[in-house]
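Trainee: Dropping in coords-v4.cif, with mmCIF, C-alpha atoms.
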```
data_protein
#
loop_
_atom_site.label_atom_id
_atom_site.label_comp_id
_atom_site.auth_asym_id
_atom_site.auth_seq_id
_atom_site.Cartn_x
_atom_site.Cartn_y
_atom_site.Cartn_z
CA MET X 300 20.40 127.88 87.89
CA GLU X 301 18.03 128.12 90.84
CA GLY X 302 14.72 126.49 89.95
CA ARG X 303 16.08 124.83 86.86
CA VAL X 304 17.39 121.63 88.37
CA PRO X 305 14.75 119.05 89.38
CA PRO X 306 14.99 117.22 92.73
CA GLY X 307 17.77 114.65 93.01
CA GLN X 308 19.57 115.95 89.92
CA TYR X 309 22.98 117.58 89.58
CA VAL X 310 24.33 119.69 86.75
CA THR X 311 27.00 118.28 84.47
CA LEU X 312 28.98 120.19 81.89
CA GLY X 313 29.77 117.04 79.93
CA PHE X 314 27.31 115.07 77.87
CA PRO X 315 27.25 111.52 79.28
CA VAL X 316 26.38 108.67 76.94
CA LEU X 317 24.01 106.01 78.20
CA SER X 318 22.46 103.24 76.19
CA ALA X 319 21.73 99.58 76.70
CA GLY X 320 23.54 98.20 73.68
CA PRO X 321 25.88 99.01 70.81
CA THR X 322 25.39 102.23 68.85
CA PRO X 323 23.67 101.55 65.51
CA HIS X 324 25.11 103.12 62.36
CA THR X 325 22.41 103.48 59.75
CA PRO X 326 23.69 104.97 56.46
CA LEU X 327 21.79 108.14 55.58
CA ASP X 328 20.67 106.69 52.24
CA GLU X 329 18.93 103.89 54.16
CA TRP X 330 17.46 106.21 56.78
CA SER X 331 13.81 107.24 56.82
CA PHE X 332 11.37 108.70 59.29
CA SER X 333 7.69 107.77 59.49
CA ILE X 334 4.56 109.03 61.13
CA ASP X 335 2.23 106.05 61.46
CA PRO X 336 -1.35 107.11 62.22
CA GLN X 337 -3.85 104.66 63.71
CA GLU X 338 -5.70 104.53 60.43
CA GLY X 339 -4.55 105.19 56.93
CA GLU X 340 -1.13 105.21 55.43
CA SER X 341 2.12 106.18 57.00
CA THR X 342 3.89 109.32 55.87
CA GLN X 343 7.56 108.69 55.28
CA TRP X 344 10.51 110.99 54.71
CA SER X 345 13.90 110.08 53.30
CA TRP X 346 16.94 111.83 54.77
CA PRO X 347 17.02 114.47 51.98
CA SER X 348 13.29 115.14 52.21
CA PHE X 349 13.50 115.35 56.01
CA GLN X 350 16.18 118.03 55.61
CA GLU X 351 13.74 120.10 53.57
CA LEU X 352 11.24 120.33 56.43
CA PRO X 353 11.25 123.61 58.33
CA THR X 354 13.56 123.43 61.33
CA GLN X 355 13.91 125.43 64.50
CA GLU X 356 16.63 125.94 67.02
CA PHE X 357 15.79 124.84 70.55
CA VAL X 358 17.74 125.71 73.68
CA VAL X 359 16.53 123.44 76.46
CA ASP X 360 17.55 121.85 79.75
CA ILE X 361 17.68 118.05 79.76
CA HIS X 362 17.39 115.70 82.73
CA CYS X 363 18.61 112.09 82.76
CA VAL X 364 17.11 109.60 85.22
CA THR X 365 20.68 108.62 86.16
CA LYS X 366 20.76 111.99 87.99
CA TRP X 367 22.59 114.34 85.65
CA SER X 368 21.03 117.44 84.16
CA LYS X 369 22.53 119.53 81.41
CA LEU X 370 21.42 123.13 81.01
CA ASP X 371 21.06 125.19 77.83
CA THR X 372 21.60 122.41 75.32
CA ARG X 373 21.26 123.71 71.77
CA TRP X 374 19.52 121.58 69.16
CA GLU X 375 18.17 122.00 65.68
CA GLY X 376 15.31 119.88 64.44
CA VAL X 377 11.73 119.56 63.28
CA MET X 378 8.83 120.10 65.65
CA ILE X 379 6.53 117.10 66.09
CA ASP X 380 3.64 119.51 65.30
CA THR X 381 5.15 120.03 61.85
CA LEU X 382 5.54 116.30 61.25
CA LEU X 383 1.96 115.56 62.32
CA GLU X 384 0.60 118.36 60.13
CA ARG X 385 2.50 117.06 57.11
CA ALA X 386 1.05 113.63 57.85
CA GLY X 387 -2.44 115.11 57.70
CA LEU X 388 -3.04 115.20 61.46
CA ASP X 389 -4.05 118.34 63.34
CA PRO X 390 -1.85 118.67 66.44
CA SER X 391 -4.41 120.99 68.05
CA ASP X 392 -7.21 118.43 67.66
CA PRO X 393 -8.11 116.97 71.09
CA SER X 394 -8.72 113.56 69.49
CA VAL X 395 -5.13 113.58 68.23
CA GLN X 396 -3.78 114.89 71.52
CA GLY X 397 -5.59 112.12 73.40
CA GLN X 398 -3.62 109.43 71.60
CA PHE X 399 -0.30 107.89 72.57
CA GLY X 400 2.94 107.96 70.65
CA VAL X 401 5.40 105.11 70.46
CA ALA X 402 8.80 106.23 69.24
CA TYR X 403 10.65 103.38 67.54
CA CYS X 404 14.32 103.30 66.69
CA ASP X 405 17.23 101.54 65.09
CA GLY X 406 18.39 98.86 67.48
CA GLY X 407 14.82 98.07 68.52
CA TYR X 408 14.41 100.67 71.27
CA THR X 409 10.93 102.02 71.93
CA THR X 410 9.46 104.57 74.32
CA ASN X 411 5.89 105.72 74.92
CA ILE X 412 4.74 109.31 75.33
CA PRO X 413 1.25 110.84 75.34
CA VAL X 414 0.76 112.83 72.13
CA ASN X 415 -0.27 115.76 74.31
CA ASP X 416 3.34 115.84 75.52
CA LEU X 417 4.69 115.90 71.97
CA VAL X 418 2.65 118.77 70.49
CA GLY X 419 2.48 122.50 71.13
CA GLY X 420 6.20 122.89 70.51
CA LYS X 421 7.07 120.57 73.39
CA ALA X 422 9.03 118.02 71.36
CA PHE X 423 11.04 117.70 68.17
CA VAL X 424 13.15 115.36 66.10
CA ALA X 425 16.66 116.79 66.26
CA TYR X 426 19.52 116.12 63.88
CA ARG X 427 21.96 118.85 64.89
CA PHE X 428 23.48 119.47 68.31
CA ASP X 429 25.55 122.53 69.22
CA GLY X 430 25.81 123.56 65.59
CA ALA X 431 27.08 120.23 64.25
CA PRO X 432 25.48 117.00 62.98
CA LEU X 433 24.26 114.88 65.90
CA ALA X 434 26.93 112.27 66.76
CA PRO X 435 25.89 108.60 66.61
CA GLU X 436 26.55 107.99 70.32
CA HIS X 437 24.19 110.84 71.16
CA GLY X 438 21.48 109.45 68.90
CA GLY X 439 22.46 110.59 65.41
CA PRO X 440 21.48 110.77 62.67
CA ALA X 441 18.31 111.92 64.46
CA ARG X 442 16.76 111.59 67.89
CA LEU X 443 13.56 112.58 69.58
CA VAL X 444 13.95 115.38 72.15
CA VAL X 445 11.22 115.76 74.79
CA PRO X 446 13.01 118.00 77.27
CA HIS X 447 10.29 118.15 79.91
CA LEU X 448 10.46 114.39 80.54
CA TYR X 449 13.41 112.27 81.72
CA PHE X 450 15.83 111.87 78.86
CA TRP X 451 15.18 108.16 78.17
CA LYS X 452 11.96 109.43 76.55
CA SER X 453 14.14 111.34 74.08
CA ALA X 454 14.72 108.23 72.00
CA LYS X 455 18.06 108.00 70.20
CA TRP X 456 18.26 106.78 66.58
CA ILE X 457 14.55 107.43 66.04
CA ARG X 458 12.98 106.10 62.85
CA GLY X 459 9.33 106.77 63.42
CA LEU X 460 6.42 107.65 65.64
CA ARG X 461 3.44 105.30 65.81
CA LEU X 462 0.14 106.62 67.16
CA THR X 463 -1.91 104.24 69.28
CA PRO X 464 -5.26 104.51 71.07
CA VAL X 465 -3.89 102.91 74.25
CA ASP X 466 -0.72 103.53 76.18
CA MET X 467 1.81 100.72 75.69
CA PRO X 468 4.98 100.69 77.81
CA GLY X 469 8.22 100.95 75.86
CA PHE X 470 11.64 99.45 76.61
CA TRP X 471 12.63 101.02 79.92
CA GLU X 472 8.98 101.49 80.88
CA SER X 473 8.71 97.67 80.85
CA LEU X 474 11.88 97.30 82.91
CA GLY X 475 10.89 99.07 86.09
CA TYR X 476 11.14 102.70 85.03
CA HIS X 477 8.24 105.11 85.34
CA ASN X 478 5.66 105.15 82.57
CA TYR X 479 5.50 108.95 82.28
CA GLY X 480 8.82 110.20 83.69
CA ASP X 481 8.29 113.76 84.92
CA PRO X 482 11.61 114.89 86.45
CA TRP X 483 9.93 117.62 88.52
CA ARG X 484 7.82 114.99 90.27
CA GLU X 485 10.84 112.65 90.37
CA GLN X 486 9.01 109.90 88.51
CA ARG X 487 12.08 107.72 88.05
CA TYR X 488 10.75 104.25 88.74
CA GLN X 489 7.40 102.50 88.67
CA GLY X 490 5.27 103.63 91.55
CA ASP X 491 7.08 106.97 92.02
CA MET D 173 19.36 105.35 79.13
CA ALA D 174 17.89 106.23 75.81
CA GLY D 175 18.50 103.82 72.99
CA ALA D 176 18.90 100.11 73.26
CA ALA D 177 19.26 96.88 71.46
CA VAL D 178 16.24 94.80 72.22
CA SER D 179 15.42 91.24 71.46
CA GLY D 180 11.94 89.85 71.81
CA ARG D 181 12.81 87.40 74.55
CA LEU D 182 14.20 90.01 76.88
CA GLY D 183 10.97 91.33 78.34
CA GLY D 184 9.56 89.90 81.49
CA ALA D 185 9.12 91.09 85.00
CA PRO D 186 11.85 93.51 85.94
CA ARG D 187 11.62 92.86 89.64
CA GLN D 188 9.24 91.60 92.21
CA GLY D 189 6.37 93.91 93.02
CA ALA D 190 7.21 96.13 90.10
CA ALA D 191 4.08 98.20 90.56
CA CYS D 192 4.90 99.00 94.17
CA PRO D 193 6.85 102.15 94.80
CA LEU D 194 10.51 101.65 95.52
CA VAL D 195 10.66 103.21 98.94
CA TRP D 196 13.67 104.85 100.50
CA GLN D 197 14.98 102.86 103.42
CA LEU D 198 17.63 103.44 106.04
CA ALA D 199 20.37 100.87 105.71
CA THR D 200 23.03 100.31 108.35
CA VAL D 201 26.67 100.20 107.37
CA THR D 202 28.01 96.97 108.86
CA ALA D 203 31.44 96.78 107.20
CA ILE D 204 33.75 98.90 105.07
CA ARG D 205 36.51 97.16 103.18
CA PRO D 206 39.19 98.86 101.07
CA GLU D 207 39.54 97.24 97.64
CA THR D 208 42.16 99.56 96.13
CA PRO D 209 43.56 102.95 97.22
CA THR D 210 40.48 104.65 95.70
CA VAL D 211 37.78 101.98 95.95
CA LYS D 212 35.89 100.70 98.96
CA THR D 213 33.16 98.12 99.45
CA PHE D 214 30.36 99.04 101.84
CA THR D 215 28.25 96.28 103.34
CA LEU D 216 24.77 97.56 104.13
CA THR D 217 22.05 95.79 106.09
CA LEU D 218 18.59 96.62 104.78
CA PRO D 219 15.44 96.59 106.92
CA ASP D 220 13.41 95.70 103.81
CA TRP D 221 15.78 93.58 101.72
CA MET D 222 14.62 91.94 98.53
CA PRO D 223 16.57 89.78 96.12
CA HIS D 224 18.14 91.76 93.30
CA ARG D 225 19.08 90.49 89.87
CA ALA D 226 22.83 90.37 89.32
CA GLY D 227 23.74 93.60 87.54
CA GLN D 228 21.12 95.82 89.15
CA HIS D 229 21.88 98.94 91.15
CA TYR D 230 20.66 100.91 94.14
CA ASP D 231 20.18 104.65 94.44
CA VAL D 232 21.91 106.29 97.40
CA ARG D 233 20.59 109.62 98.70
CA LEU D 234 22.40 112.06 100.96
CA THR D 235 20.65 114.97 102.64
CA ALA D 236 22.49 118.05 103.90
CA PRO D 237 21.34 119.89 107.03
CA ASP D 238 19.83 122.60 104.80
CA GLY D 239 17.72 120.00 103.00
CA TYR D 240 19.83 119.80 99.85
CA GLN D 241 19.86 116.26 98.51
CA ALA D 242 22.24 114.43 96.22
CA GLN D 243 21.62 111.02 94.68
CA ARG D 244 23.81 108.56 92.82
CA SER D 245 23.36 105.04 91.51
CA TYR D 246 25.77 102.28 92.54
CA SER D 247 25.85 98.72 91.26
CA VAL D 248 25.33 95.91 93.71
CA ALA D 249 28.49 93.82 93.96
CA SER D 250 27.11 90.98 96.05
CA GLU D 251 25.06 88.01 94.94
CA PRO D 252 21.32 87.84 95.72
CA GLU D 253 21.90 84.60 97.62
CA ARG D 254 23.33 86.75 100.43
CA THR D 255 20.09 87.73 102.07
CA GLY D 256 19.41 90.78 104.19
CA GLU D 257 22.38 92.80 103.04
CA ILE D 258 24.11 94.12 99.94
CA ASP D 259 27.62 95.17 99.05
CA LEU D 260 28.08 98.41 97.14
CA THR D 261 31.57 98.94 95.72
CA VAL D 262 32.23 102.63 95.20
CA GLU D 263 35.12 104.46 93.56
CA ARG D 264 36.09 107.74 95.20
CA LEU D 265 35.94 110.53 92.66
CA GLU D 266 37.87 113.65 93.64
CA ASP D 267 35.02 116.05 92.81
CA GLY D 268 32.21 113.63 93.62
CA GLU D 269 29.73 114.90 96.20
CA VAL D 270 28.41 111.46 97.16
CA SER D 271 31.42 109.15 96.74
CA THR D 272 33.68 111.46 98.78
CA TYR D 273 31.17 111.41 101.65
CA LEU D 274 30.87 107.62 101.54
CA HIS D 275 34.66 107.24 101.51
CA ASP D 276 35.74 109.96 103.90
CA VAL D 277 32.93 110.24 106.44
CA LEU D 278 31.02 106.97 106.70
CA VAL D 279 31.92 104.51 109.47
CA PRO D 280 30.33 101.19 110.47
CA GLY D 281 27.11 101.78 112.38
CA ASP D 282 26.14 104.80 110.29
CA LEU D 283 22.83 104.92 108.48
CA VAL D 284 22.52 105.52 104.75
CA GLU D 285 19.34 106.21 102.80
CA LEU D 286 18.88 104.08 99.71
CA ARG D 287 16.32 102.43 97.47
CA GLY D 288 16.41 99.63 94.96
CA PRO D 289 17.07 97.31 93.31
CA VAL D 290 16.74 99.11 89.99
CA GLY D 291 17.45 98.28 86.35
CA GLY D 292 16.19 95.32 84.40
CA TYR D 293 18.36 95.02 81.30
CA PHE D 294 22.00 94.85 82.33
CA VAL D 295 21.34 91.69 84.34
CA TRP D 296 22.27 88.06 84.08
CA GLU D 297 20.71 84.95 85.51
CA PRO D 298 21.72 81.32 84.88
CA GLY D 299 18.49 80.75 82.93
CA MET D 300 19.72 83.20 80.30
CA GLY D 301 22.53 80.80 79.47
CA GLY D 302 25.86 81.72 77.96
CA PRO D 303 28.67 81.42 77.40
CA LEU D 304 29.39 84.75 78.99
CA LEU D 305 31.84 87.35 77.78
CA LEU D 306 32.21 89.99 80.48
CA VAL D 307 34.27 93.04 79.61
CA ALA D 308 35.13 95.49 82.38
CA GLY D 309 36.89 98.82 82.42
CA GLY D 310 38.02 99.99 85.88
CA SER D 311 35.18 100.02 88.40
CA GLY D 312 32.89 98.75 85.63
CA VAL D 313 33.81 95.34 87.01
CA VAL D 314 31.35 95.77 89.90
CA PRO D 315 28.06 94.62 88.30
CA LEU D 316 29.98 91.89 86.46
CA MET D 317 31.32 90.67 89.81
CA ALA D 318 27.73 90.32 91.02
CA MET D 319 27.09 88.09 87.99
CA LEU D 320 30.18 85.98 88.72
CA ARG D 321 29.23 85.62 92.39
CA HIS D 322 25.64 84.75 91.46
CA ARG D 323 26.89 82.17 88.97
CA ALA D 324 29.16 80.64 91.60
CA ALA D 325 26.46 80.63 94.29
CA ARG D 326 24.06 78.86 91.94
CA GLY D 327 26.70 76.42 90.72
CA ALA D 328 25.84 77.35 87.13
CA ARG D 329 27.97 75.50 84.59
CA VAL D 330 28.13 78.43 82.17
CA PRO D 331 31.54 79.10 80.61
CA VAL D 332 32.67 82.65 81.26
CA ARG D 333 35.52 84.92 80.23
CA LEU D 334 36.17 88.14 82.09
CA LEU D 335 38.34 90.61 80.20
CA TYR D 336 39.26 93.27 82.73
CA SER D 337 41.01 96.45 81.63
CA VAL D 338 42.62 98.25 84.53
CA ARG D 339 45.46 100.74 84.88
CA SER D 340 47.68 98.69 87.16
CA PRO D 341 47.62 95.64 89.44
CA GLU D 342 47.20 98.00 92.44
CA GLN D 343 44.00 99.39 90.91
CA THR D 344 42.48 95.95 90.42
CA ILE D 345 39.23 95.50 92.34
CA TYR D 346 38.50 92.00 93.74
CA ALA D 347 41.96 90.82 92.61
CA GLU D 348 42.19 88.07 95.22
CA GLU D 349 38.70 86.70 94.71
CA LEU D 350 39.05 86.79 90.93
CA GLY D 351 42.38 84.98 91.23
CA HIS D 352 40.73 82.29 93.32
CA LEU D 353 37.82 81.87 90.88
CA ASP D 354 40.24 81.75 87.97
CA LYS D 355 42.25 78.99 89.64
CA THR D 356 39.42 76.85 90.97
CA ASP D 357 36.75 77.08 88.26
CA PRO D 358 37.77 75.32 85.03
CA LEU D 359 34.96 77.02 83.10
CA LEU D 360 36.06 80.50 84.11
CA ASP D 361 38.99 82.53 82.84
CA VAL D 362 40.03 86.01 83.92
CA VAL D 363 42.15 87.94 81.42
CA TYR D 364 43.73 91.21 82.51
CA THR D 365 45.03 94.05 80.46
CA TYR D 366 47.08 96.53 82.50
CA THR D 367 47.01 99.76 80.55
CA ARG D 368 49.44 101.95 82.56
CA SER D 369 51.81 99.80 84.56
CA GLN D 370 52.38 96.08 84.63
CA PRO D 371 53.90 93.73 87.18
CA LYS D 372 57.51 92.67 86.63
CA GLY D 373 57.81 89.98 84.00
CA TRP D 374 54.20 90.47 82.87
CA GLY D 375 53.56 88.56 79.65
CA GLY D 376 49.90 89.46 79.28
CA TYR D 377 48.08 92.35 77.68
CA ALA D 378 49.32 95.87 78.34
CA ARG D 379 47.16 98.03 76.14
CA ARG D 380 43.61 99.28 75.80
CA ILE D 381 41.04 96.75 74.66
CA ASP D 382 41.14 96.33 70.89
CA ARG D 383 39.82 94.04 68.20
CA ARG D 384 42.74 91.61 68.30
CA MET D 385 42.41 91.19 72.05
CA LEU D 386 38.67 90.55 71.77
CA ASP D 387 39.27 88.05 68.96
CA GLU D 388 41.80 86.19 71.08
CA VAL D 389 39.48 85.99 74.06
CA LEU D 390 36.51 85.01 71.88
CA ALA D 391 38.61 82.25 70.28
CA THR D 392 38.58 80.44 73.64
CA LEU D 393 34.76 80.13 73.50
CA ASP D 394 33.18 77.71 71.08
CA GLN D 395 29.72 79.30 71.05
CA MET D 396 28.28 82.73 70.40
CA PRO D 397 28.51 84.49 73.77
CA LEU D 398 26.19 86.77 75.63
CA ALA D 399 28.31 89.89 76.16
CA TYR D 400 28.14 92.39 79.01
CA VAL D 401 30.33 95.47 78.78
CA CYS D 402 30.67 97.97 81.60
CA GLY D 403 33.10 100.82 82.07
CA PRO D 404 33.83 104.38 81.00
CA THR D 405 31.84 105.67 78.03
CA LEU D 406 34.58 105.57 75.41
CA MET D 407 35.78 102.11 76.37
CA VAL D 408 32.24 100.74 76.26
CA GLU D 409 31.43 102.49 72.99
CA ARG D 410 34.56 101.12 71.28
CA THR D 411 34.25 97.63 72.73
CA ALA D 412 30.59 97.29 71.79
CA GLU D 413 31.34 98.36 68.23
CA GLU D 414 34.23 95.91 67.95
CA LEU D 415 32.06 93.10 69.30
CA VAL D 416 29.41 93.87 66.68
CA ALA D 417 32.17 93.77 64.05
CA THR D 418 33.21 90.28 65.22
CA GLY D 419 29.72 89.08 64.33
CA ILE D 420 28.00 89.02 67.71
CA PRO D 421 24.39 90.13 67.17
CA ALA D 422 23.67 93.53 68.73
CA ASP D 423 20.91 92.03 70.85
CA ARG D 424 23.46 89.77 72.56
CA ILE D 425 25.55 92.74 73.68
CA ARG D 426 24.44 94.65 76.74
CA THR D 427 26.20 97.76 77.87
CA GLU D 428 26.36 99.97 80.90
CA ARG D 429 28.36 103.15 80.60
CA PHE D 430 29.36 105.66 83.16
CA GLY D 431 30.62 109.12 82.51
CA PRO D 432 32.37 111.40 85.00
CA THR D 433 29.70 111.20 87.67
CA GLY D 434 30.43 111.08 91.33
#
```
Take the structure in this file and express it as structure tokens.
Mentor:
Amino acid sequence: MEGRVPPGQYVTLGFPVLSAGPTPHTPLDEWSFSIDPQEGESTQWSWPSFQELPTQEFVVDIHCVTKWSKLDTRWEGVMIDTLLERAGLDPSDPSVQGQFGVAYCDGGYTTNIPVNDLVGGKAFVAYRFDGAPLAPEHGGPARLVVPHLYFWKSAKWIRGLRLTPVDMPGFWESLGYHNYGDPWREQRYQGD
Amino acid sequence: MAGAAVSGRLGGAPRQGAACPLVWQLATVTAIRPETPTVKTFTLTLPDWMPHRAGQHYDVRLTAPDGYQAQRSYSVASEPERTGEIDLTVERLEDGEVSTYLHDVLVPGDLVELRGPVGGYFVWEPGMGGPLLLVAGGSGVVPLMAMLRHRAARGARVPVRLLYSVRSPEQTIYAEELGHLDKTDPLLDVVYTYTRSQPKGWGGYARRIDRRMLDEVLATLDQMPLAYVCGPTLMVERTAEELVATGIPADRIRTERFGPTG
């Protein structure tokens, strides 16, 4: 455990639920996921077609800004690299990496993350947790997981990723929380 | 944190000087008041006080002699009209490393490190209107109390219902003050549900919050309310879903959940 818990965090064995409003329940036949590039058409997957994408299992530590950390969480999902490639974008291209991603979700939630923090296997869209379908209160049917940033960046109920040339603060980033959110530098709030 | 219902009009400045770092400051404990057998209110005087928004919280940080630090967030219970100091109401959790220290060790005159105010969504100000439906589970009443105190201090004529689920009358936080508000403010009603034990002759609710209870409380309001729900995860999850089912738009329901953190 030594060296795995960022400053100001404590380890929990539970899986706390935190969100600002009611949990949305989107039926799977109405669900879709999109990659929206700056130019050109969006690439969209239905739930069945999303299931056909290659998945990987990820075992990662997660860190919530409300101070809890949970170690060795086990997820299954699709790497953002895979989604970008299928959308015709090269995740190793510096001009792609220099862009910003805005994750948007059912319920209206958004969060902003540099694309460089989403590629190279650093982030994925997960739809299974601990061997079972991801529960709605934990972000199911699918959520973004960006384990190296505070967990509010791991947007629940994700429906798409929009690429933008400039960084635009998302929901919590506009409400006093840090724009980037590195738990190892304790970037909890604006100015940290 | 992750995931939220957002409406377009909810943006705006989260707090004054948002771009400035929120610095840690040493507050002085000036009073400690027991609220229930397991809950105390700590009054803290801040060298660098700034007005909070009702519903916001502060982070408290403890440092052990070996340098180990523990932090927790606690909702402000007092109204921003009380300048220079804040009240934090804290429940003592048996295995909590911060709440046990605050309860068992702290005495008036001690210094505590904290920073805030933090959080810009689970907040209410008179300008946001109402009517207000506040739903509390246990110590989830704390940020809602800040809203009630703020409303009273501002003389806001916003109808409000507080539905407060608590195990027993002895576990009720702010019972006396809520009783006074209930009696003296014709626009305010406090409705209790005692889930474990009830006073003798109790004719009110004695079960967990459910749809029928919410319908009955909502029936006393003649407009679509702004709802704030705070309490343990399961209670908040269920209540928020029931409120959506009654027809309240998701962007008029704000939630704050706490798990077993201490």
Trainee: What does the distance from CA of Val418 (chain X) to CA of Pro390 (chain X) come to in Å, to one decimal?
Mentor: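 That distance, rounded to one decimal, is 6.1 Å.
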Trainee: Give the residues of chain X that lie within 6 Å of chain D; count only C-alpha atoms, and format the answer as an MDAnalysis selection string.
Mentor: chainID X and resid 307 315 317:321 406:408 451 454:455 474:475 489:491
Trainee: What residues have an atom no more than 6 Å from (10.2, 112.6, 70.8) in the file's own frame, counting only C-alpha atoms, and can you write them as a PDB file with C-alpha atoms, keeping the file's coordinate frame?
Mentor:
```
ATOM      1  CA  ALA X 422       9.030 118.020  71.360  1.00  0.00           C
ATOM      2  CA  PHE X 423      11.040 117.700  68.170  1.00  0.00           C
ATOM      3  CA  LEU X 443      13.560 112.580  69.580  1.00  0.00           C
ATOM      4  CA  VAL X 444      13.950 115.380  72.150  1.00  0.00           C
ATOM      5  CA  VAL X 445      11.220 115.760  74.790  1.00  0.00           C
ATOM      6  CA  SER X 453      14.140 111.340  74.080  1.00  0.00           C
TER       7      SER X 453
END
```
Trainee: Distance CA of Ile258 (chain D)-CA of Pro237 (chain D), one decimal place?
Mentor: 26.9 Å
Trainee: Show which residues sit within 9 Å of region 392-394 of chain X, as a list in words. Count only C-alpha atoms, and ignore same-chain residues fewer than 4 positions away.
Mentor: Leu388, Gln398 and Asn415 of chain X
Trainee: How many Å lie between CA of Thr342 (chain X) and CA of Tyr403 (chain X), rounded to one decimal?
Mentor: 14.7 Å
Trainee: Using all atoms listed in the file and a cutoff of 10 Å, can you tell me which residues are near (24.3, 90.4, 99.7) in the file's coordinates, and write them out as a PyMOL selection string?
Mentor: chain D and resi 215-218+221-224+248-260+318
Trainee: Translate the PyMOL selection byres ((chain X and resi 429) around 12), as applied to the file shown, into an explicit residue set as a PyMOL selection string.
Mentor: chain X and resi 314+356-359+371-376+425-428+430-434+437
Trainee: I need the output of the PyMOL selection byres ((chain X and resi 462) around 12) for this file as a PyMOL selection string; which residues are they?
Mentor: chain X and resi 333-341+383+386+388+394-403+410-415+417+459-461+463-467
Trainee: Output region 303-317 of chain D from the block with N, CA and C atoms, as a short mmCIF file (atom, residue, chain, number, x, y, z; two decimals), in the first residue's frame?
Mentor:
```
data_model
loop_
_atom_site.label_atom_id
_atom_site.label_comp_id
_atom_site.auth_asym_id
_atom_site.auth_seq_id
_atom_site.Cartn_x
_atom_site.Cartn_y
_atom_site.Cartn_z
N PRO D 303 -40.50 26.82 -4.34
CA PRO D 303 -40.37 26.43 -2.94
C PRO D 303 -39.29 25.37 -2.76
N LEU D 304 -38.88 25.19 -1.52
CA LEU D 304 -37.81 24.26 -1.24
C LEU D 304 -38.33 22.98 -0.63
N LEU D 305 -37.88 21.86 -1.17
CA LEU D 305 -38.10 20.58 -0.51
C LEU D 305 -36.74 20.08 -0.06
N LEU D 306 -36.53 20.05 1.25
CA LEU D 306 -35.26 19.58 1.80
C LEU D 306 -35.50 18.21 2.40
N VAL D 307 -34.70 17.24 2.00
CA VAL D 307 -34.86 15.89 2.52
C VAL D 307 -33.55 15.46 3.16
N ALA D 308 -33.60 15.16 4.46
CA ALA D 308 -32.39 14.83 5.20
C ALA D 308 -32.46 13.42 5.75
N GLY D 309 -31.33 12.73 5.72
CA GLY D 309 -31.19 11.47 6.42
C GLY D 309 -30.08 11.62 7.45
N GLY D 310 -30.39 11.46 8.73
CA GLY D 310 -29.38 11.54 9.79
C GLY D 310 -28.62 12.85 9.76
N SER D 311 -27.28 12.79 9.77
CA SER D 311 -26.49 14.01 9.82
C SER D 311 -26.47 14.73 8.47
N GLY D 312 -27.17 14.18 7.48
CA GLY D 312 -27.37 14.89 6.21
C GLY D 312 -28.16 16.17 6.38
N VAL D 313 -28.70 16.38 7.57
CA VAL D 313 -29.46 17.61 7.82
C VAL D 313 -28.54 18.83 7.90
N VAL D 314 -27.24 18.62 8.10
CA VAL D 314 -26.34 19.75 8.39
C VAL D 314 -26.31 20.82 7.28
N PRO D 315 -26.01 20.46 6.02
CA PRO D 315 -26.00 21.53 5.01
C PRO D 315 -27.39 22.13 4.77
N LEU D 316 -28.44 21.33 5.02
CA LEU D 316 -29.80 21.85 4.86
C LEU D 316 -30.11 22.86 5.96
N MET D 317 -29.54 22.63 7.15
CA MET D 317 -29.72 23.58 8.25
C MET D 317 -29.08 24.92 7.89
#
```
